[in-house]
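Text of the file upload25.tsv, holding TSV, C-alpha atoms and all ligand atoms:
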chain	number	residue	atom	x	y	z
C	13	MET	CA	90.18	69.21	-20.35
C	14	ARG	CA	90.30	65.48	-19.69
C	15	LYS	CA	86.54	65.44	-19.89
C	16	LEU	CA	86.64	67.15	-23.31
C	17	PHE	CA	89.16	64.61	-24.56
C	18	PHE	CA	86.96	61.81	-23.34
C	19	ILE	CA	83.90	63.26	-25.10
C	20	LEU	CA	85.84	63.72	-28.35
C	21	PHE	CA	87.22	60.18	-28.12
C	22	ALA	CA	83.78	58.71	-27.42
C	23	PHE	CA	82.36	60.67	-30.39
C	24	ALA	CA	85.12	59.48	-32.73
C	25	PHE	CA	84.64	55.90	-31.56
C	26	ALA	CA	80.88	56.04	-32.03
C	27	THR	CA	81.14	57.54	-35.54
C	28	SER	CA	83.72	54.93	-36.52
C	29	LEU	CA	81.26	52.25	-35.47
C	30	ILE	CA	78.44	53.89	-37.41
C	31	ALA	CA	80.68	54.21	-40.46
C	32	GLN	CA	81.11	50.45	-40.47
C	33	THR	CA	77.42	49.78	-40.83
C	34	THR	CA	75.47	50.20	-44.03
C	35	GLY	CA	72.15	50.47	-42.25
C	36	LYS	CA	70.85	48.02	-44.84
C	37	TYR	CA	69.69	44.52	-43.98
C	38	VAL	CA	67.56	41.74	-45.42
C	39	LEU	CA	66.09	38.61	-43.82
C	40	VAL	CA	64.48	35.85	-45.88
C	41	ILE	CA	62.89	32.70	-44.45
C	42	HIS	CA	61.20	29.53	-45.68
C	43	GLY	CA	58.98	26.96	-44.01
C	44	GLY	CA	59.38	24.24	-46.63
C	45	ALA	CA	58.34	23.60	-50.22
C	46	GLY	CA	56.06	20.90	-51.59
C	47	THR	CA	52.54	20.07	-52.66
C	48	ILE	CA	51.03	23.17	-51.13
C	49	LEU	CA	47.82	23.94	-53.01
C	50	LYS	CA	45.35	26.69	-52.24
C	51	SER	CA	42.56	24.22	-52.97
C	52	GLN	CA	43.72	22.10	-50.03
C	53	MET	CA	44.14	24.94	-47.58
C	54	THR	CA	41.46	26.44	-45.34
C	55	PRO	CA	41.57	30.19	-44.64
C	56	ALA	CA	42.14	29.42	-40.94
C	57	LYS	CA	45.12	27.16	-41.70
C	58	GLU	CA	46.57	29.67	-44.14
C	59	LYS	CA	46.33	32.36	-41.48
C	60	LEU	CA	48.21	30.21	-38.98
C	61	TYR	CA	51.02	29.47	-41.42
C	62	LYS	CA	51.34	33.14	-42.34
C	63	GLN	CA	51.35	34.14	-38.68
C	64	GLY	CA	54.07	31.54	-37.96
C	65	LEU	CA	56.24	32.97	-40.75
C	66	GLN	CA	55.55	36.51	-39.59
C	67	ASN	CA	56.60	35.66	-36.02
C	68	ALA	CA	59.92	34.35	-37.31
C	69	LEU	CA	60.46	37.45	-39.47
C	70	ASP	CA	59.66	39.70	-36.52
C	71	ALA	CA	62.16	37.91	-34.27
C	72	GLY	CA	64.97	38.18	-36.82
C	73	ASN	CA	64.03	41.72	-37.82
C	74	LYS	CA	64.26	42.95	-34.24
C	75	ILE	CA	67.83	41.69	-34.01
C	76	LEU	CA	68.91	43.17	-37.34
C	77	LYS	CA	67.20	46.49	-36.66
C	78	ASP	CA	68.99	46.80	-33.31
C	79	GLY	CA	72.35	46.29	-35.05
C	80	GLY	CA	72.60	42.57	-34.30
C	81	THR	CA	74.33	40.07	-36.55
C	82	ALA	CA	72.97	38.03	-39.43
C	83	LEU	CA	74.01	34.90	-37.51
C	84	ASP	CA	71.91	35.82	-34.47
C	85	ALA	CA	68.99	36.81	-36.69
C	86	VAL	CA	68.86	33.53	-38.62
C	87	GLU	CA	69.19	31.51	-35.41
C	88	ALA	CA	66.37	33.47	-33.75
C	89	ALA	CA	64.07	33.12	-36.77
C	90	ILE	CA	64.69	29.37	-36.96
C	91	LYS	CA	64.02	28.90	-33.24
C	92	ILE	CA	60.56	30.42	-33.65
C	93	LEU	CA	59.79	28.06	-36.53
C	94	GLU	CA	61.18	25.06	-34.63
C	95	ASP	CA	58.84	25.86	-31.73
C	96	ASP	CA	55.87	26.20	-34.09
C	97	SER	CA	54.34	22.74	-34.55
C	98	LEU	CA	53.08	23.59	-38.04
C	99	PHE	CA	56.55	23.28	-39.47
C	100	ASN	CA	58.66	20.16	-39.92
C	101	ALA	CA	61.47	21.20	-37.58
C	102	GLY	CA	61.70	20.96	-33.80
C	103	LYS	CA	58.20	20.38	-32.46
C	104	GLY	CA	56.08	19.02	-35.29
C	105	ALA	CA	58.92	17.14	-36.99
C	106	VAL	CA	57.98	14.24	-39.26
C	107	PHE	CA	58.45	10.61	-38.21
C	108	THR	CA	61.03	8.10	-39.35
C	109	ASN	CA	59.99	4.62	-40.48
C	110	GLU	CA	60.48	3.51	-36.86
C	111	GLY	CA	57.90	6.07	-35.73
C	112	LYS	CA	60.46	8.38	-34.07
C	113	ASN	CA	61.73	11.91	-34.70
C	114	GLU	CA	65.32	12.50	-35.79
C	115	LEU	CA	66.28	16.11	-36.32
C	116	ASP	CA	68.97	17.76	-38.45
C	117	ALA	CA	70.14	21.39	-38.46
C	118	SER	CA	73.01	23.57	-39.61
C	119	ILE	CA	74.22	27.16	-39.53
C	120	MET	CA	76.99	29.01	-41.38
C	121	ASP	CA	78.72	32.35	-40.99
C	122	GLY	CA	79.55	34.00	-44.33
C	123	LYS	CA	82.21	36.22	-42.81
C	124	THR	CA	84.46	33.49	-41.40
C	125	LEU	CA	83.11	30.44	-43.32
C	126	LYS	CA	82.68	28.81	-39.93
C	127	ALA	CA	79.84	26.32	-39.75
C	128	GLY	CA	78.14	23.98	-37.32
C	129	ALA	CA	75.63	21.18	-37.75
C	130	VAL	CA	73.89	18.34	-35.94
C	131	ALA	CA	72.25	15.28	-37.43
C	132	GLY	CA	69.89	12.65	-36.10
C	133	VAL	CA	69.28	14.25	-32.70
C	134	THR	CA	66.22	13.10	-30.79
C	135	ASN	CA	66.05	15.19	-27.62
C	136	VAL	CA	67.38	18.68	-28.37
C	137	LYS	CA	64.47	21.12	-28.25
C	138	ASN	CA	66.04	23.54	-30.71
C	139	PRO	CA	68.51	21.72	-32.96
C	140	ILE	CA	69.65	25.05	-34.44
C	141	THR	CA	71.08	26.07	-31.05
C	142	ALA	CA	73.02	22.81	-30.98
C	143	ALA	CA	74.35	23.52	-34.49
C	144	ARG	CA	75.40	26.99	-33.32
C	145	ALA	CA	77.14	25.45	-30.30
C	146	VAL	CA	79.05	23.04	-32.55
C	147	MET	CA	80.19	26.04	-34.59
C	148	ASP	CA	81.06	28.29	-31.66
C	149	LYS	CA	82.24	25.86	-29.02
C	150	SER	CA	83.85	22.89	-30.75
C	151	GLU	CA	86.56	22.32	-33.31
C	152	HIS	CA	84.10	20.27	-35.40
C	153	VAL	CA	81.53	21.11	-38.05
C	154	LEU	CA	79.08	18.19	-37.96
C	155	MET	CA	78.14	16.02	-34.99
C	156	ALA	CA	75.55	13.23	-35.05
C	157	GLY	CA	73.39	11.15	-32.74
C	158	LYS	CA	74.26	10.55	-29.11
C	159	GLY	CA	77.52	12.50	-29.22
C	160	ALA	CA	75.74	15.54	-30.62
C	161	GLU	CA	73.02	15.25	-27.96
C	162	LEU	CA	75.55	15.04	-25.11
C	163	PHE	CA	77.50	17.94	-26.56
C	164	ALA	CA	74.32	20.02	-26.85
C	165	ALA	CA	73.34	19.26	-23.25
C	166	ALA	CA	76.82	20.12	-21.99
C	167	ASN	CA	76.68	23.42	-23.84
C	168	GLY	CA	73.43	24.71	-22.44
C	169	CYS	CA	70.91	23.58	-25.06
C	170	THR	CA	67.47	22.66	-23.70
C	171	ILE	CA	66.94	18.89	-23.62
C	172	VAL	CA	63.43	17.43	-23.85
C	173	GLU	CA	61.78	14.01	-23.85
C	174	PRO	CA	61.55	12.69	-27.43
C	175	SER	CA	57.75	12.75	-27.04
C	176	TYR	CA	57.94	16.58	-27.00
C	177	PHE	CA	58.21	16.54	-30.81
C	178	PHE	CA	55.02	14.51	-31.32
C	179	THR	CA	52.02	16.05	-33.10
C	180	THR	CA	48.90	14.19	-34.17
C	181	GLN	CA	49.08	15.68	-37.67
C	182	ARG	CA	52.58	14.33	-38.33
C	183	TRP	CA	51.70	10.96	-36.80
C	184	ASN	CA	48.71	10.69	-39.13
C	185	ASP	CA	50.91	11.67	-42.10
C	186	PHE	CA	53.25	8.89	-41.06
C	187	LEU	CA	50.43	6.33	-40.77
C	188	ASP	CA	49.11	7.43	-44.17
C	189	ALA	CA	52.55	7.07	-45.68
C	190	LYS	CA	52.88	3.57	-44.21
C	191	LYS	CA	49.46	2.56	-45.41
C	192	GLU	CA	49.98	3.98	-48.84
C	193	ASP	CA	53.09	2.03	-49.47
C	194	SER	CA	53.20	-0.67	-46.86
C	195	LEU	CA	54.94	-3.09	-49.19
C	196	LYS	CA	57.58	-0.57	-50.14
C	197	ALA	CA	57.94	1.08	-46.74
C	198	LEU	CA	60.88	3.09	-47.96
C	199	HIS	CA	59.18	4.45	-51.06
C	200	LYS	CA	61.90	3.47	-53.44
C	201	ASP	CA	61.78	5.09	-56.82
C	202	SER	CA	61.79	2.27	-59.39
C	203	THR	CA	64.37	3.90	-61.66
C	204	THR	CA	66.68	5.57	-59.18
C	205	GLY	CA	66.20	3.19	-56.25
C	206	LEU	CA	66.09	6.28	-54.05
C	207	LEU	CA	63.81	7.20	-51.18
C	208	LYS	CA	60.63	8.67	-52.63
C	209	GLN	CA	58.09	10.99	-51.07
C	210	PRO	CA	54.68	9.46	-50.36
C	211	SER	CA	52.17	10.68	-52.92
C	212	ASN	CA	49.88	11.81	-50.08
C	213	HIS	CA	48.44	15.00	-51.59
C	214	ASP	CA	48.65	16.98	-48.40
C	215	TYR	CA	52.30	16.16	-47.99
C	216	LYS	CA	54.72	19.04	-47.50
C	217	TYR	CA	58.40	18.98	-46.85
C	218	GLY	CA	58.10	21.70	-44.20
C	219	THR	CA	61.78	22.16	-43.38
C	220	VAL	CA	62.60	25.66	-42.15
C	221	GLY	CA	65.39	28.00	-43.20
C	222	ALA	CA	66.63	31.56	-42.86
C	223	VAL	CA	69.24	33.68	-44.62
C	224	ALA	CA	70.27	37.22	-43.79
C	225	LEU	CA	72.48	40.14	-44.72
C	226	ASP	CA	73.20	42.36	-41.72
C	227	THR	CA	74.11	46.03	-41.49
C	228	TYR	CA	77.82	45.13	-41.29
C	229	GLY	CA	77.64	43.49	-44.73
C	230	ASN	CA	77.86	39.96	-43.32
C	231	LEU	CA	75.82	37.01	-44.54
C	232	ALA	CA	74.55	33.96	-42.63
C	233	ALA	CA	72.37	30.95	-43.39
C	234	ALA	CA	70.60	28.33	-41.26
C	235	THR	CA	68.35	25.32	-41.86
C	236	SER	CA	66.48	22.93	-39.54
C	237	THR	CA	64.36	19.87	-40.29
C	238	GLY	CA	62.78	16.63	-39.20
C	239	GLY	CA	63.72	15.28	-42.64
C	240	MET	CA	61.25	13.35	-44.81
C	241	THR	CA	58.18	11.46	-43.60
C	242	ASP	CA	58.85	7.74	-43.23
C	243	LYS	CA	62.58	8.19	-43.93
C	244	ARG	CA	64.65	5.19	-42.94
C	245	TYR	CA	65.93	5.79	-39.42
C	246	GLY	CA	69.52	6.95	-39.48
C	247	ARG	CA	68.96	8.66	-42.83
C	248	ILE	CA	70.52	12.12	-43.03
C	249	GLY	CA	69.28	14.66	-45.58
C	250	ASP	CA	70.82	17.76	-47.07
C	251	SER	CA	69.84	20.16	-44.27
C	252	PRO	CA	72.84	19.52	-41.99
C	253	ILE	CA	75.25	19.13	-44.91
C	254	ILE	CA	77.23	22.32	-45.42
C	255	GLY	CA	77.35	23.06	-49.15
C	256	ALA	CA	74.19	21.03	-49.87
C	257	GLY	CA	71.30	22.39	-47.76
C	258	THR	CA	73.09	25.38	-46.24
C	259	TYR	CA	75.92	27.67	-47.29
C	260	ALA	CA	77.09	31.23	-46.65
C	261	ASP	CA	80.04	33.19	-48.00
C	262	ASN	CA	80.30	36.96	-47.78
C	263	ASN	CA	81.85	36.97	-51.27
C	264	THR	CA	78.77	35.45	-52.87
C	265	CYS	CA	75.57	34.63	-50.99
C	266	ALA	CA	73.79	32.83	-48.14
C	267	ILE	CA	71.46	29.92	-49.01
C	268	SER	CA	69.03	27.59	-47.23
C	269	CYS	CA	67.37	24.77	-49.17
C	270	THR	CA	64.27	22.63	-48.78
C	271	GLY	CA	63.12	19.65	-50.77
C	272	TRP	CA	64.04	16.10	-51.57
C	273	GLY	CA	67.36	16.04	-49.74
C	274	GLU	CA	69.12	13.25	-51.61
C	275	PHE	CA	69.07	15.34	-54.79
C	276	PHE	CA	70.29	18.47	-53.02
C	277	ILE	CA	73.24	16.49	-51.67
C	278	ARG	CA	74.06	14.98	-55.05
C	279	LEU	CA	73.94	18.42	-56.68
C	280	VAL	CA	75.90	20.03	-53.83
C	281	MET	CA	73.16	22.58	-54.30
C	282	ALA	CA	74.07	25.56	-52.13
C	283	LYS	CA	77.82	25.58	-52.82
C	284	THR	CA	77.28	25.07	-56.53
C	285	ILE	CA	75.14	28.22	-56.64
C	286	SER	CA	77.85	30.10	-54.74
C	287	ASP	CA	80.47	28.78	-57.19
C	288	LYS	CA	78.40	29.77	-60.20
C	289	MET	CA	78.37	33.30	-58.81
C	290	GLU	CA	82.04	33.36	-57.90
C	291	PHE	CA	83.56	31.64	-60.91
C	292	ALA	CA	81.02	32.09	-63.70
C	293	HIS	CA	79.93	35.54	-62.49
C	294	GLU	CA	76.26	34.59	-62.67
C	295	SER	CA	73.69	36.62	-60.77
C	296	LEU	CA	72.17	35.00	-57.69
C	297	LYS	CA	68.81	34.62	-59.39
C	298	ASN	CA	70.20	33.04	-62.55
C	299	ALA	CA	72.40	30.64	-60.60
C	300	ALA	CA	69.59	29.59	-58.25
C	301	ASP	CA	66.95	29.28	-60.99
C	302	ASP	CA	69.26	27.19	-63.14
C	303	MET	CA	69.82	24.72	-60.30
C	304	ILE	CA	66.23	24.62	-58.99
C	305	MET	CA	64.27	24.85	-62.25
C	306	LYS	CA	66.60	22.83	-64.51
C	307	LYS	CA	69.27	20.70	-62.81
C	308	LEU	CA	67.09	19.50	-59.90
C	309	PRO	CA	64.05	18.31	-61.92
C	310	ALA	CA	66.36	16.86	-64.59
C	311	LEU	CA	67.62	14.40	-61.96
C	312	GLY	CA	64.08	13.70	-60.71
C	313	GLY	CA	64.16	15.85	-57.56
C	314	ASP	CA	62.11	18.80	-56.43
C	315	GLY	CA	62.15	21.58	-53.86
C	316	GLY	CA	63.25	25.15	-53.43
C	317	LEU	CA	65.55	27.56	-51.68
C	318	ILE	CA	65.96	31.05	-50.32
C	319	ALA	CA	69.12	33.04	-50.89
C	320	VAL	CA	70.48	36.54	-50.40
C	321	ASP	CA	73.64	38.04	-51.90
C	322	LYS	CA	76.10	40.56	-50.48
C	323	GLU	CA	74.22	43.45	-52.13
C	324	GLY	CA	70.97	42.42	-50.51
C	325	ASN	CA	69.41	40.97	-53.67
C	326	PHE	CA	67.44	37.89	-52.76
C	327	THR	CA	65.59	35.04	-54.44
C	328	MET	CA	63.03	32.45	-53.37
C	329	SER	CA	63.15	29.82	-56.14
C	330	PHE	CA	61.08	26.62	-56.10
C	331	ASP	CA	59.78	24.10	-58.62
C	332	THR	CA	56.97	22.78	-56.40
C	333	ASP	CA	53.36	23.96	-56.10
C	334	GLY	CA	54.25	26.19	-53.21
C	335	MET	CA	56.82	27.17	-50.63
C	336	TYR	CA	56.11	28.84	-47.29
C	337	ARG	CA	58.28	31.91	-47.44
C	338	GLY	CA	58.73	35.52	-46.43
C	339	TYR	CA	61.16	38.41	-46.28
C	340	ILE	CA	61.72	41.69	-44.52
C	341	LYS	CA	64.06	44.52	-45.47
C	342	SER	CA	65.52	47.43	-43.54
C	343	ASN	CA	63.28	49.83	-45.49
C	344	GLY	CA	60.28	48.12	-43.92
C	345	GLU	CA	59.22	46.22	-47.05
C	346	SER	CA	57.96	42.79	-46.02
C	347	LYS	CA	55.82	39.95	-47.35
C	348	VAL	CA	54.83	36.37	-46.53
C	349	GLU	CA	53.68	34.06	-49.33
C	350	ILE	CA	52.71	30.45	-49.77
C	351	TYR	CA	51.70	29.58	-53.33
C	352	LYS	CA	53.31	29.97	-56.75
C	401	LIG	N1	65.50	18.63	-47.33
C	401	LIG	C1	64.94	17.93	-46.21
C	401	LIG	C2	65.50	16.55	-46.16
C	401	LIG	O1	65.65	15.95	-47.20
C	401	LIG	C3	63.46	17.83	-46.27
C	401	LIG	C4	62.76	19.15	-46.46
C	401	LIG	O2	63.33	20.09	-46.99
C	401	LIG	O3	61.62	19.26	-46.04
C	401	LIG	O4	65.72	16.07	-45.10
Once more with this new file: its structure as structure tokens, please.
Amino acid sequence: MRKLFFILFAFAFATSLIAQTTGKYVLVIHGGAGTILKSQMTPAKEKLYKQGLQNALDAGNKILKDGGTALDAVEAAIKILEDDSLFNAGKGAVFTNEGKNELDASIMDGKTLKAGAVAGVTNVKNPITAARAVMDKSEHVLMAGKGAELFAAANGCTIVEPSYFFTTQRWNDFLDAKKEDSLKALHKDSTTGLLKQPSNHDYKYGTVGAVALDTYGNLAAATSTGGMTDKRYGRIGDSPIIGAGTYADNNTCAISCTGWGEFFIRLVMAKTISDKMEFAHESLKNAADDMIMKKLPALGGDGGLIAVDKEGNFTMSFDTDGMYRGYIKSNGESKVEIYK
């Protein structure tokens, strides 16, 4: 009799768990937007980028498929891209004007509106894990520099020598940027006085991001970057700023941005899109396109974003020549793309 009760209880418990899941999930990722032209890409390079994106999708997909959370999926996808030296995050990050790497990352949980971020870290192998630790294990949201590094080390994040992040490609980009504008090392825009991207044609922003809707109906977003080539050291972009480069709210959407960070901060990009949905009842696509295609270029900025809403609708808007991007859905539909 007791056994029967136990079986019935276990069955009821299991079905209650199943009832809470929709079975539907979506994962969308980006590997940065910028001057990404097919004419400047070799088939071999294109294959590597697509494989890198696919690896990140596979890592996140496995988690979502097994009933894991959107938070875990975005973190896992970002870690793969941070470890891939092709992308400007983790290994392969761009150099500051001092010739060093300073990394920024953030993560946000749409269910609780909890968030964590790190800025200007130089020795944390996977800055996204440090951002997650700030969210989960501290009472803070954003930690920077030495304090963030010590906190990451104390909370189990892998610490590396700063030289770990070095790649010859990024170093050459940095030298090119210096050469190109050696008199104006900070690439100031003459009208805005703001940091400007080097006009190096092969330049890409390369930041990485991931957004997901899980089978429990929860949203999460994460972003990680080395920032912008030749940025002034100590400069922080939009990627670790909650509401600018990253935002997630179960009531609206999850967003990760890439592009010229100063403009994304000034436009409070991600939160503004969420607000447009919440208060003006705009669709995700309309809200995102309005900000990326109109408001951003009107100020003189450029870039793109990925976003998913609570229904699983997603968008990958950008006003640049290309954006490394991809998605995978619970029905198996999946794609990686690079150009317009
Ligand atoms: N948004 C980043 C920053 O300004 C750069 C990027 O997206 O590649 O730091």
Once you count only C-alpha atoms and all ligand atoms, what closest atom pair and distance in Å to one decimal does each residue of chain C within 7 Å of ligand LIG 401 (chain C) have, with rows by chain and rising residue number, as JSON lines?
{"residue": "C:Gly44", "atom": "CA", "partner": "C:LIG401", "partner_atom": "O3", "distance": 5.5}
{"residue": "C:Ala45", "atom": "CA", "partner": "C:LIG401", "partner_atom": "O3", "distance": 6.9}
{"residue": "C:Asn100", "atom": "CA", "partner": "C:LIG401", "partner_atom": "O3", "distance": 6.9}
{"residue": "C:Tyr217", "atom": "CA", "partner": "C:LIG401", "partner_atom": "O3", "distance": 3.3}
{"residue": "C:Gly218", "atom": "CA", "partner": "C:LIG401", "partner_atom": "O3", "distance": 4.7}
{"residue": "C:Thr219", "atom": "CA", "partner": "C:LIG401", "partner_atom": "O3", "distance": 3.9}
{"residue": "C:Thr237", "atom": "CA", "partner": "C:LIG401", "partner_atom": "C1", "distance": 6.3}
{"residue": "C:Gly238", "atom": "CA", "partner": "C:LIG401", "partner_atom": "O4", "distance": 6.6}
{"residue": "C:Gly239", "atom": "CA", "partner": "C:LIG401", "partner_atom": "O4", "distance": 3.3}
{"residue": "C:Met240", "atom": "CA", "partner": "C:LIG401", "partner_atom": "C3", "distance": 5.2}
{"residue": "C:Ile248", "atom": "CA", "partner": "C:LIG401", "partner_atom": "O4", "distance": 6.6}
{"residue": "C:Gly249", "atom": "CA", "partner": "C:LIG401", "partner_atom": "O4", "distance": 3.9}
{"residue": "C:Asp250", "atom": "CA", "partner": "C:LIG401", "partner_atom": "N1", "distance": 5.4}
{"residue": "C:Ser251", "atom": "CA", "partner": "C:LIG401", "partner_atom": "N1", "distance": 5.5}
{"residue": "C:Gly257", "atom": "CA", "partner": "C:LIG401", "partner_atom": "N1", "distance": 6.9}
{"residue": "C:Cys269", "atom": "CA", "partner": "C:LIG401", "partner_atom": "O2", "distance": 6.6}
{"residue": "C:Thr270", "atom": "CA", "partner": "C:LIG401", "partner_atom": "O2", "distance": 3.2}
{"residue": "C:Gly271", "atom": "CA", "partner": "C:LIG401", "partner_atom": "O2", "distance": 3.8}
{"residue": "C:Trp272", "atom": "CA", "partner": "C:LIG401", "partner_atom": "O1", "distance": 4.7}
{"residue": "C:Gly273", "atom": "CA", "partner": "C:LIG401", "partner_atom": "O1", "distance": 3.1}
{"residue": "C:Glu274", "atom": "CA", "partner": "C:LIG401", "partner_atom": "O1", "distance": 6.2}
Leaving out Gln63 of chain C and any residue of its chain fewer than 2 positions from it, which residues lie within 12 Å of it when counting all atoms listed in the file, given as number ranges by chain?
-> C: 43, 56-61, 65-70, 92-93, 96, 98, 336-338, 347-350
Take the point (77.9, 34.2, -42.4) in the file's coordinates, draw a sphere of radius 9 Å around it, and report as a CSV table (one decimal) with C-alpha atoms, in the frame of the given file every protein, DNA or RNA residue with an atom inside or on it, counting all atoms listed in the file.
chain,number,residue,atom,x,y,z
C,82,ALA,CA,73.0,38.0,-39.4
C,83,LEU,CA,74.0,34.9,-37.5
C,119,ILE,CA,74.2,27.2,-39.5
C,120,MET,CA,77.0,29.0,-41.4
C,121,ASP,CA,78.7,32.4,-41.0
C,122,GLY,CA,79.6,34.0,-44.3
C,123,LYS,CA,82.2,36.2,-42.8
C,124,THR,CA,84.5,33.5,-41.4
C,125,LEU,CA,83.1,30.4,-43.3
C,126,LYS,CA,82.7,28.8,-39.9
C,127,ALA,CA,79.8,26.3,-39.8
C,223,VAL,CA,69.2,33.7,-44.6
C,224,ALA,CA,70.3,37.2,-43.8
C,225,LEU,CA,72.5,40.1,-44.7
C,230,ASN,CA,77.9,40.0,-43.3
C,231,LEU,CA,75.8,37.0,-44.5
C,232,ALA,CA,74.6,34.0,-42.6
C,233,ALA,CA,72.4,31.0,-43.4
C,259,TYR,CA,75.9,27.7,-47.3
C,260,ALA,CA,77.1,31.2,-46.6
C,261,ASP,CA,80.0,33.2,-48.0
C,262,ASN,CA,80.3,37.0,-47.8
C,265,CYS,CA,75.6,34.6,-51.0
C,266,ALA,CA,73.8,32.8,-48.1
Between C:Gly72, C:Gly79, C:Gly102, C:Pro252, which is the closest to Ala117 of chain C once you count all atoms listed in the file?
->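 Among the listed residues, C:Pro252 lies closest to Ala117 of chain C.
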Find the spatial neighbours of segment 296-312 of chain C, counting all atoms listed in the file, within a cut-off of 9 Å - ignore same-chain residues fewer than 2 positions away - and output them as a ChimeraX atom specification.
-> /C:204,264-265,275-276,279,281-282,284-289,294,314-321,325-331
Pairwise distance for atom CA of Ile253 of chain C and atom CA of Thr47 of chain C, rounded to one decimal in Å =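 Those two atoms sit 24.0 Å apart.
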Select, from C:Ile277, C:Leu115, C:Ala131, C:Ala85, the residue with the minimum atom-to-atom distance to Lys103 of chain C, counting only C-alpha atoms.
->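 For Lys103 of chain C, the nearest of the candidates is C:Leu115.
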Would you list the contacts of Lys149 of chain C as a list in words, taking every protein, DNA or RNA residue within 12 Å and counting only C-alpha atoms, but skipping same-chain residues closer than 2 positions in sequence?
-> Lys126, Ala127, Gly128, Ala129, Thr141, Ala142, Ala143, Arg144, Ala145, Val146, Met147, Glu151, His152, Val153, Phe163, Ala164, Ala166, Asn167 and Gly168 of chain C
Quick one: pull the distance between atom CA of Lys352 of chain C and atom CA of Ala222 of chain C, Å, one decimal.
-> 19.3 Å
What is the distance between atom CA of Tyr176 of chain C and atom CA of Arg244 of chain C, in Å to one decimal?
->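 Rounded to one decimal, the two atoms are 20.7 Å apart.
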Can you list, as a PyMOL selection string, every protein, DNA or RNA residue that comes within 10 Å of Lys77 of chain C when you count all atoms listed in the file, leaving out same-chain residues fewer than 4 positions away?
-> chain C and resi 35-38+72-73+81+85+226-227+341-342
Name the closest residue to Ala234 of chain C among the candidates C:Asp188, C:Glu110, C:Asp78, C:Asp116; distances are taken between atoms, counting all atoms listed in the file.
-> C:Asp116
